[in-house]
Amino acid sequence: MNIVQPITDIEVVRDISNYLQIRSDRNHVMFLIGIYTGLRISDIRKLRVRDLKGKSHLEIISQKTDKKMRISVNDNLKSALDEYLKNRSDYEYILKSREGDNRPISNNQAYNILSEAAEALGIDNIGTHSMRKTFGYHLYQKTKDIVLVKELLSHSDIEITKRYIGLVQRSKDVAVNDLSF
């Protein structure tokens with residue numbers, strides 16, 4: 001199993017976003033939902049138009065934790081969703097598969113989408129969880145509030161959150177790199 005990392009460089013986030021936008025509105029929206037909400041792909045792929053169209057908040061029950069979540073829809077995400085969802089019916093899946101009438105893409109397909117983008121851009125250690133980790137990492141960098149990040153990611157412990165968003169590894173790297181004999 002590959003360990004995926006958050007995308008810490010904002011320019012790389014923009015590169016992936018642009019790459020996906022050029023190729024597919026659906027795939028671009030998937031990425032935006034991931035980096036702006038911090039949801040797991042298993043929850044993102046189950047979203048329907050009615051869950052986000054014209055809404056200021058997204059309310060779901062997490063598939064993994066069975067916890068109710070209420071997440072503010074960021075203005076950047078809202079703008080992209082308004083355009084993407086404008087001619088879609090409320091019952092449709094947002095990330096509709098090209099196979100079948102109205103089925104969501106699979107977790108595997110979501111992974112393939114991000115993996116292809118990462119490969120094209122020469123980026124390593126990227127997977128579907130990278131979107132969630134990127135959300136957490138950049139939220140922490142902006143707020144320095146690890147408790148807030150923990151709560152938004154629905155983690156049970158701050159240490160889990162620190163490891164999850166790469167803070168523990170980053171601290172280790174800085175400590176080792178600062179050694180001088």
# chains A, B, ... in the order shown; residues from 1 in each chain; ligands from 1
>>> closest_atom_pairs(of="segment 4-92 of chain A", to="segment 157-176 of chain A", cutoff="12 Å", atoms="only C-alpha atoms", output="Markdown table")
| residue | atom | partner | partner_atom | distance |
| --- | --- | --- | --- | --- |
| A:Val4 | CA | A:Tyr164 | CA | 9.6 |
| A:Gln5 | CA | A:Gly166 | CA | 7.0 |
| A:Pro6 | CA | A:Ile165 | CA | 6.2 |
| A:Ile7 | CA | A:Ile165 | CA | 9.5 |
| A:Thr8 | CA | A:Gly166 | CA | 9.1 |
| A:Gly38 | CA | A:Ile165 | CA | 11.2 |
>>> write_last_selection(atoms="C-alpha atoms", output="PDB file, in the first residue's frame")
ATOM      1  CA  VAL A   4       0.024   9.306   0.062  1.00  0.00           C
ATOM      2  CA  GLN A   5       0.943  12.783   1.154  1.00  0.00           C
ATOM      3  CA  PRO A   6      -0.774  16.148   1.298  1.00  0.00           C
ATOM      4  CA  ILE A   7       0.043  18.478  -1.569  1.00  0.00           C
ATOM      5  CA  THR A   8       1.940  21.115   0.368  1.00  0.00           C
ATOM      6  CA  GLY A  38     -11.732  17.495   3.386  1.00  0.00           C
TER       7      GLY A  38
END
>>> residues_around(residues="segment 19-22 of chain A", least_positions_apart="3", cutoff="12 Å", atoms="only C-alpha atoms", output="CSV table (one decimal) with N, CA and C atoms, in the first residue's frame")
chain,number,residue,atom,x,y,z
A,12,VAL,N,1.5,23.4,-6.9
A,12,VAL,CA,1.2,22.1,-7.4
A,12,VAL,C,-0.3,21.8,-7.3
A,13,VAL,N,-0.9,22.3,-6.3
A,13,VAL,CA,-2.4,22.2,-6.2
A,13,VAL,C,-3.0,22.9,-7.4
A,14,ARG,N,-2.6,24.1,-7.7
A,14,ARG,CA,-3.1,24.8,-8.9
A,14,ARG,C,-2.8,24.0,-10.2
A,15,ASP,N,-1.6,23.5,-10.3
A,15,ASP,CA,-1.3,22.7,-11.5
A,15,ASP,C,-2.2,21.5,-11.7
A,16,ILE,N,-2.5,20.8,-10.6
A,16,ILE,CA,-3.4,19.6,-10.7
A,16,ILE,C,-4.8,20.1,-11.1
A,25,ASP,N,-14.6,18.6,-16.6
A,25,ASP,CA,-15.2,19.4,-15.6
A,25,ASP,C,-15.6,18.5,-14.4
A,26,ARG,N,-16.0,17.3,-14.6
A,26,ARG,CA,-16.4,16.4,-13.5
A,26,ARG,C,-15.2,16.1,-12.6
A,27,ASN,N,-14.0,15.8,-13.3
A,27,ASN,CA,-12.8,15.4,-12.5
A,27,ASN,C,-12.3,16.7,-11.8
A,28,HIS,N,-12.4,17.8,-12.4
A,28,HIS,CA,-12.0,19.0,-11.7
A,28,HIS,C,-12.9,19.3,-10.5
A,29,VAL,N,-14.2,19.2,-10.6
A,29,VAL,CA,-15.1,19.4,-9.5
A,29,VAL,C,-14.8,18.4,-8.4
A,30,MET,N,-14.5,17.1,-8.7
A,30,MET,CA,-14.1,16.1,-7.7
A,30,MET,C,-12.9,16.7,-6.9
A,31,PHE,N,-11.9,17.1,-7.6
A,31,PHE,CA,-10.7,17.6,-6.9
A,31,PHE,C,-11.0,18.8,-6.0
A,32,LEU,N,-11.8,19.8,-6.5
A,32,LEU,CA,-12.2,20.9,-5.8
A,32,LEU,C,-13.0,20.6,-4.5
A,80,ALA,N,-17.5,27.3,-8.6
A,80,ALA,CA,-17.3,26.2,-9.6
A,80,ALA,C,-18.5,25.3,-9.6
A,84,TYR,N,-21.1,24.2,-12.8
A,84,TYR,CA,-21.1,22.8,-13.1
A,84,TYR,C,-22.5,22.2,-12.9
A,110,ALA,N,-11.8,7.3,-9.2
A,110,ALA,CA,-11.3,8.5,-8.6
A,110,ALA,C,-9.8,8.5,-8.4
A,113,ILE,N,-8.0,8.8,-11.8
A,113,ILE,CA,-8.1,10.2,-12.3
A,113,ILE,C,-6.9,11.0,-11.6
A,114,LEU,N,-6.7,10.9,-10.3
A,114,LEU,CA,-5.7,11.7,-9.6
A,114,LEU,C,-4.3,11.1,-10.0
A,115,SER,N,-4.2,9.8,-10.1
A,115,SER,CA,-3.0,9.2,-10.4
A,115,SER,C,-2.5,9.6,-11.8
A,116,GLU,N,-3.4,9.7,-12.8
A,116,GLU,CA,-3.0,10.1,-14.1
A,116,GLU,C,-2.5,11.5,-14.1
A,117,ALA,N,-3.2,12.4,-13.4
A,117,ALA,CA,-2.8,13.8,-13.3
A,117,ALA,C,-1.4,13.9,-12.6
A,118,ALA,N,-1.2,13.2,-11.5
A,118,ALA,CA,0.1,13.2,-10.8
A,118,ALA,C,1.2,12.7,-11.8
A,119,GLU,N,0.9,11.6,-12.5
A,119,GLU,CA,2.0,11.1,-13.4
A,119,GLU,C,2.3,12.1,-14.5
A,120,ALA,N,1.3,12.7,-15.0
A,120,ALA,CA,1.5,13.7,-16.1
A,120,ALA,C,2.3,14.9,-15.6
A,121,LEU,N,2.1,15.2,-14.4
A,121,LEU,CA,2.8,16.4,-13.8
A,121,LEU,C,4.1,16.0,-13.0
>>> atom_distance(atom1="atom CA of Val49 of chain A", atom2="atom CA of Leu95 of chain A")
9.3 Å
>>> select_by_dssp(residues="segment 25-118 of chain A", states="strand (DSSP E)", output="list in words")
His57, Leu58, Glu59, Ile60, Ile61, Lys68, Met69, Arg70, Ile71 and Ser72 of chain A
>>> atom_distance(atom1="atom CA of Asp66 of chain A", atom2="atom CA of Leu85 of chain A")
26.9 Å
>>> closest_residue(among="A:Tyr111, A:Phe181, A:Phe135, A:Tyr93", to="Ile10 of chain A", atoms="only C-alpha atoms")
A:Phe135
>>> residues_around(residues="Ile146 of chain A", least_positions_apart="2", cutoff="10 Å", atoms="only C-alpha atoms", output="count of residues only")
16
>>> residues_around(residues="segment 54-63 of chain A", least_positions_apart="4", cutoff="9 Å", atoms="only C-alpha atoms", output="count of residues only")
19
>>> closest_residue(among="A:Ser24, A:Lys64, A:Asn102, A:Asp178", to="Asp90 of chain A", atoms="only C-alpha atoms")
A:Asn102
>>> select_by_dssp(residues="segment 80-144 of chain A", states="helix (DSSP H, G or I)", output="PyMOL selection string")
chain A and resi 80-85+107-121+128-143
>>> write_last_selection(atoms="C-alpha atoms", output="CSV table (one decimal), in the first residue's frame")
chain,number,residue,atom,x,y,z
A,80,ALA,CA,-17.3,26.2,-9.6
A,81,LEU,CA,-20.4,24.2,-8.4
A,82,ASP,CA,-22.8,26.8,-9.6
A,83,GLU,CA,-21.5,26.6,-13.1
A,84,TYR,CA,-21.1,22.8,-13.1
A,85,LEU,CA,-24.5,22.0,-11.6
A,107,ASN,CA,-13.3,4.9,-5.6
A,108,ASN,CA,-10.9,3.2,-8.0
A,109,GLN,CA,-11.8,5.5,-10.9
A,110,ALA,CA,-11.3,8.5,-8.6
A,111,TYR,CA,-7.8,7.1,-7.8
A,112,ASN,CA,-7.1,6.6,-11.5
A,113,ILE,CA,-8.1,10.2,-12.3
A,114,LEU,CA,-5.7,11.7,-9.6
A,115,SER,CA,-3.0,9.2,-10.4
A,116,GLU,CA,-3.0,10.1,-14.1
A,117,ALA,CA,-2.8,13.8,-13.3
A,118,ALA,CA,0.1,13.2,-10.8
A,119,GLU,CA,2.0,11.1,-13.4
A,120,ALA,CA,1.5,13.7,-16.1
A,121,LEU,CA,2.8,16.4,-13.8
A,128,THR,CA,-7.6,10.1,-3.3
A,129,HIS,CA,-6.6,10.7,0.3
A,130,SER,CA,-4.2,13.4,-0.8
A,131,MET,CA,-7.2,15.8,-1.4
A,132,ARG,CA,-8.3,15.3,2.2
A,133,LYS,CA,-4.8,15.6,3.5
A,134,THR,CA,-4.2,18.7,1.4
A,135,PHE,CA,-7.3,20.3,2.9
A,136,GLY,CA,-6.1,19.6,6.4
A,137,TYR,CA,-2.5,20.7,5.8
A,138,HIS,CA,-3.4,24.0,4.2
A,139,LEU,CA,-6.1,24.7,6.8
A,140,TYR,CA,-3.5,24.2,9.5
A,141,GLN,CA,-1.0,26.4,7.8
A,142,LYS,CA,-3.6,29.2,7.5
A,143,THR,CA,-5.0,28.9,11.0
>>> atom_distance(atom1="atom CA of Lys46 of chain A", atom2="atom CA of Arg103 of chain A")
9.0 Å
>>> closest_residue(among="A:Tyr91, A:Asn18, A:Ile105, A:Thr65", to="His155 of chain A", atoms="only C-alpha atoms")
A:Thr65
